[in-house]
Structures are given as C-alpha cells and as structure tokens.
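Here is input-v1.pdb, consisting of PDB, C-alpha atoms and all ligand atoms:
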```
MODEL        1
ATOM      1  CA  MET A  21      26.875 -52.638  -2.400
ATOM      2  CA  GLU A  22      29.541 -54.281  -4.481
ATOM      3  CA  PHE A  23      29.335 -55.245  -8.154
ATOM      4  CA  THR A  24      29.466 -58.890  -7.071
ATOM      5  CA  GLU A  25      25.964 -58.630  -5.594
ATOM      6  CA  LEU A  26      24.654 -56.665  -8.590
ATOM      7  CA  TYR A  27      26.111 -59.327 -10.891
ATOM      8  CA  LEU A  28      24.236 -62.052  -9.011
ATOM      9  CA  GLN A  29      20.948 -60.157  -9.185
ATOM     10  CA  ALA A  30      21.348 -59.439 -12.914
ATOM     11  CA  LYS A  31      22.250 -63.062 -13.624
ATOM     12  CA  LYS A  32      19.329 -64.309 -11.537
ATOM     13  CA  ALA A  33      16.948 -62.152 -13.610
ATOM     14  CA  THR A  34      17.939 -63.900 -16.824
ATOM     15  CA  ASN A  35      15.602 -66.668 -17.914
ATOM     16  CA  PRO A  36      15.537 -66.929 -21.693
ATOM     17  CA  ARG A  37      12.187 -67.927 -23.064
ATOM     18  CA  LYS A  38      10.307 -67.710 -26.327
ATOM     19  CA  LEU A  39       7.174 -65.585 -26.166
ATOM     20  CA  SER A  40       5.921 -66.060 -29.716
ATOM     21  CA  LYS A  41       7.227 -66.898 -33.188
ATOM     22  CA  THR A  42       8.937 -63.527 -33.317
ATOM     23  CA  ALA A  43       9.700 -62.583 -29.717
ATOM     24  CA  GLN A  44      11.788 -63.797 -26.827
ATOM     25  CA  CYS A  45      12.898 -62.330 -23.513
ATOM     26  CA  GLY A  46      15.317 -62.779 -20.679
ATOM     27  CA  THR A  47      18.542 -63.473 -22.533
ATOM     28  CA  VAL A  48      20.109 -60.482 -20.742
ATOM     29  CA  GLY A  49      19.489 -59.146 -17.242
ATOM     30  CA  ALA A  50      20.566 -55.780 -15.828
ATOM     31  CA  ALA A  51      20.840 -54.573 -12.257
ATOM     32  CA  LEU A  52      21.346 -50.997 -11.191
ATOM     33  CA  LEU A  53      22.051 -49.438  -7.824
ATOM     34  CA  THR A  54      20.656 -45.981  -7.144
ATOM     35  CA  ASP A  55      22.245 -43.271  -5.040
ATOM     36  CA  THR A  56      19.778 -44.115  -2.255
ATOM     37  CA  GLY A  57      20.942 -47.742  -2.132
ATOM     38  CA  ASN A  58      18.035 -49.419  -3.889
ATOM     39  CA  VAL A  59      18.520 -52.048  -6.579
ATOM     40  CA  TYR A  60      16.317 -52.426  -9.662
ATOM     41  CA  VAL A  61      16.575 -55.210 -12.196
ATOM     42  CA  GLY A  62      15.270 -55.689 -15.700
ATOM     43  CA  ILE A  63      15.381 -58.140 -18.592
ATOM     44  CA  CYS A  64      15.591 -57.587 -22.313
ATOM     45  CA  ILE A  65      12.768 -58.185 -24.764
ATOM     46  CA  ASP A  66      13.806 -59.120 -28.294
ATOM     47  CA  THR A  67      11.325 -58.928 -31.152
ATOM     48  CA  ALA A  68      11.347 -58.955 -34.907
ATOM     49  CA  CYS A  69      11.528 -55.483 -36.470
ATOM     50  CA  SER A  70      13.572 -54.221 -33.471
ATOM     51  CA  MET A  71      10.584 -53.320 -31.299
ATOM     52  CA  GLY A  72      12.070 -54.782 -28.134
ATOM     53  CA  PHE A  73      14.395 -53.136 -25.683
ATOM     54  CA  CYS A  74      17.470 -53.813 -23.601
ATOM     55  CA  ALA A  75      17.571 -55.044 -20.009
ATOM     56  CA  GLU A  76      18.938 -51.664 -18.950
ATOM     57  CA  HIS A  77      15.732 -50.009 -20.212
ATOM     58  CA  ALA A  78      13.570 -52.362 -18.171
ATOM     59  CA  ALA A  79      15.655 -51.735 -15.030
ATOM     60  CA  VAL A  80      15.380 -47.969 -15.571
ATOM     61  CA  ALA A  81      11.593 -48.255 -15.952
ATOM     62  CA  SER A  82      11.378 -50.004 -12.572
ATOM     63  CA  MET A  83      13.597 -47.337 -11.031
ATOM     64  CA  LEU A  84      11.453 -44.530 -12.450
ATOM     65  CA  LEU A  85       8.298 -46.247 -11.229
ATOM     66  CA  ALA A  86       9.767 -46.069  -7.726
ATOM     67  CA  GLY A  87      10.487 -42.356  -8.149
ATOM     68  CA  GLU A  88      14.251 -42.520  -8.562
ATOM     69  CA  ASN A  89      16.568 -41.576 -11.445
ATOM     70  CA  HIS A  90      20.143 -41.318 -10.149
ATOM     71  CA  ILE A  91      22.176 -44.446 -10.894
ATOM     72  CA  LYS A  92      25.334 -45.178  -8.907
ATOM     73  CA  LYS A  93      26.288 -48.538 -10.421
ATOM     74  CA  LEU A  94      25.069 -50.612 -13.366
ATOM     75  CA  ILE A  95      25.780 -54.050 -14.770
ATOM     76  CA  ALA A  96      24.291 -56.202 -17.534
ATOM     77  CA  VAL A  97      24.834 -59.947 -17.778
ATOM     78  CA  ASN A  98      23.739 -62.501 -20.357
ATOM     79  CA  HIS A  99      22.235 -65.846 -19.388
ATOM     80  CA  GLN A 100      25.628 -67.499 -19.755
ATOM     81  CA  GLY A 101      27.056 -65.141 -17.150
ATOM     82  CA  ASP A 102      29.069 -62.895 -19.451
ATOM     83  CA  ILE A 103      29.206 -59.222 -18.478
ATOM     84  CA  LEU A 104      28.031 -56.978 -21.328
ATOM     85  CA  SER A 105      28.875 -53.346 -21.940
ATOM     86  CA  PRO A 106      25.762 -51.226 -22.580
ATOM     87  CA  CYS A 107      24.926 -50.634 -26.243
ATOM     88  CA  GLY A 108      25.181 -47.146 -27.679
ATOM     89  CA  ARG A 109      21.464 -46.483 -27.335
ATOM     90  CA  CYS A 110      21.522 -47.444 -23.644
ATOM     91  CA  ARG A 111      24.559 -45.264 -22.983
ATOM     92  CA  GLU A 112      22.713 -42.246 -24.337
ATOM     93  CA  PHE A 113      19.442 -43.269 -22.659
ATOM     94  CA  LEU A 114      21.071 -43.616 -19.234
ATOM     95  CA  SER A 115      22.756 -40.238 -19.597
ATOM     96  CA  GLN A 116      19.459 -38.512 -20.375
ATOM     97  CA  ILE A 117      17.607 -39.977 -17.387
ATOM     98  CA  SER A 118      19.843 -37.759 -15.226
ATOM     99  CA  GLU A 119      22.956 -35.736 -16.018
ATOM    100  CA  ASN A 120      24.343 -37.192 -12.759
ATOM    101  CA  ASN A 121      24.348 -40.579 -14.449
ATOM    102  CA  LEU A 122      27.390 -39.541 -16.482
ATOM    103  CA  ASP A 123      29.237 -40.475 -13.271
ATOM    104  CA  THR A 124      27.547 -43.889 -13.036
ATOM    105  CA  GLU A 125      30.043 -46.700 -12.533
ATOM    106  CA  VAL A 126      29.456 -49.251 -15.294
ATOM    107  CA  MET A 127      30.978 -52.715 -15.212
ATOM    108  CA  VAL A 128      31.948 -53.486 -18.800
ATOM    109  CA  GLY A 129      33.897 -56.705 -18.262
ATOM    110  CA  ASP A 130      35.520 -58.872 -15.628
ATOM    111  CA  ASN A 131      36.958 -56.491 -13.027
ATOM    112  CA  LYS A 132      36.659 -53.610 -15.504
ATOM    113  CA  VAL A 133      34.622 -50.601 -14.332
ATOM    114  CA  VAL A 134      34.382 -47.276 -16.164
ATOM    115  CA  LEU A 135      32.257 -44.168 -15.773
ATOM    116  CA  LEU A 136      29.345 -43.724 -18.179
ATOM    117  CA  LYS A 137      30.900 -40.475 -19.435
ATOM    118  CA  GLU A 138      33.949 -42.463 -20.502
ATOM    119  CA  LEU A 139      31.619 -44.494 -22.734
ATOM    120  CA  LEU A 140      30.225 -41.267 -24.217
ATOM    121  CA  PRO A 141      33.167 -39.152 -25.370
ATOM    122  CA  TYR A 142      32.431 -35.907 -27.212
ATOM    123  CA  ASP A 143      29.013 -35.443 -25.584
ATOM    124  CA  TRP A 144      26.681 -33.629 -27.977
ATOM    125  CA  ARG A 145      25.267 -31.543 -25.084
ATOM    126  CA  ASN A 146      28.673 -30.043 -24.245
ATOM    127  CA  LEU A 147      28.123 -30.784 -20.533
TER     128      LEU A 147
HETATM  129 ZN    ZN B 201      21.063 -51.370 -24.909
ENDMDL
END
```

Here is a file; write its structure as structure tokens.
Amino acid sequence: MEFTELYLQAKKATNPRKLSKTAQCGTVGAALLTDTGNVYVGICIDTACSMGFCAEHAAVASMLLAGENHIKKLIAVNHQGDILSPCGRCREFLSQISENNLDTEVMVGDNKVVLLKELLPYDWRNL
C-alpha cells in the first residue's frame, strides 16, 4: 500500500469537533500500515491540562487491540490536509511498541519519507 492511500484514510478520519468547554477531537488523523498489511487509523483528542493524546496514539491502540504491533508505514494529517511529522513523544512511543518500528517509514512532509530511527538520533537504549 502506498502513502497516497494512507494519506486519504488519515485525512478522512479528521473531523474536528468540540466535545466540551475544554476538549476537542479530530483535528489530526493518523493512519498506519502494519507488516501484515492491515491499516489502523486514529484521531487526536485535545484537552485542557494536556490530558489528551495524539492521533498516532489512537491508531496504535486500535492496532494493539487487533493483536499487532509492527508498523511498516505511518502518516499523520491535519484537517486541512497538511502532513505532520510525529511529535517527540510519539516518536519515542512508537519505538517502544516494537524495536522493529525503528525501521517504520514515516511520511514527514510532501514526498518526504524517513525512517523512525532517523527521527530518534542518539537512542537512549543504545540499540
Ligand atoms: Zn504526538
């Protein structure tokens, strides 16, 4: 599966909406492809006091629910269609779900794909 299809699924998942006075969701969508060829999507949840989480986290939760943890490709897109590079917390999170995910292909911009390990130089685990 190409990043073009993952982009469309991530973008389709976005649907910004206010949940309460202090929370909203769906401003960012993420889609990931596992090594078995399945796709999982997620949306972000933003709350006051930083209790929410990124779209990548939600996509990983769906993947784990299905019994998988090896990510081949990942993309995150905001509701305007811009491709977003994973935040620092997500980079570390993805790498801890499976050491194999250090080789995950991450789209970080238009036609720009890097490996997760390139986004995590000087790994603290000395892998
Ligand atoms: Zn993040």

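Taking all atoms listed in the file into account, every polymer residue with at least one atom at most 6 Å away from ligand ZN 201 (chain B) is listed here: Cys74, Pro106, Cys107, Arg109 and Cys110 of chain A.
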
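Closest to Ala30 of chain A among A:Ala81, A:Leu140, A:Ile63, A:Ala68 is A:Ile63, based on only C-alpha atoms.
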
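The interatomic distance for the pair atom CA of His99 of chain A and atom CA of Glu112 of chain A works out to 24.1 Å.
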
Determine the nearest neighbour of Phe23 of chain A from the options A:Pro141, A:Gln116, A:Ala50, A:Thr56, counting all atoms listed in the file. A:Ala50

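Going from atom CA of Gln44 of chain A over to atom CA of Lys132 of chain A, you cover 29.2 Å.
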
Compile the contact shell of Gly62 of chain A as a PyMOL selection string: residues with an atom at most 12 Å away, counting only C-alpha atoms, same-chain residues fewer than 4 positions apart removed. chain A and resi 26+29-35+45-52+73-83+94-98

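Computed from the coordinates, the atom CA of Pro36 of chain A to atom CA of Ser105 of chain A distance equals 19.0 Å.
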
Give as a list of chain:residue names each residue that has an atom at most 12 Å from (25.6, -33.7, -26.3) in the file, counting only C-alpha atoms. A:Glu112, A:Phe113, A:Ser115, A:Gln116, A:Glu119, A:Leu122, A:Lys137, A:Leu140, A:Pro141, A:Tyr142, A:Asp143, A:Trp144, A:Arg145, A:Asn146, A:Leu147

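Counting all atoms listed in the file and comparing A:Leu139, A:His90, A:Asn120, A:Asp130, the residue that lies closest to Gly108 of chain A is A:Leu139.
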
If you take every atom of segment 123-135 of chain A that the file lists and fit an axis-aligned box around them with 6 Å extra on each side, what centre and edge lengths come out in Å to one decimal, as lines of an AutoDock Vina configuration file?
```
center_x = 32.3
center_y = -49.7
center_z = -15.7
size_x = 21.4
size_y = 30.4
size_z = 18.3
```
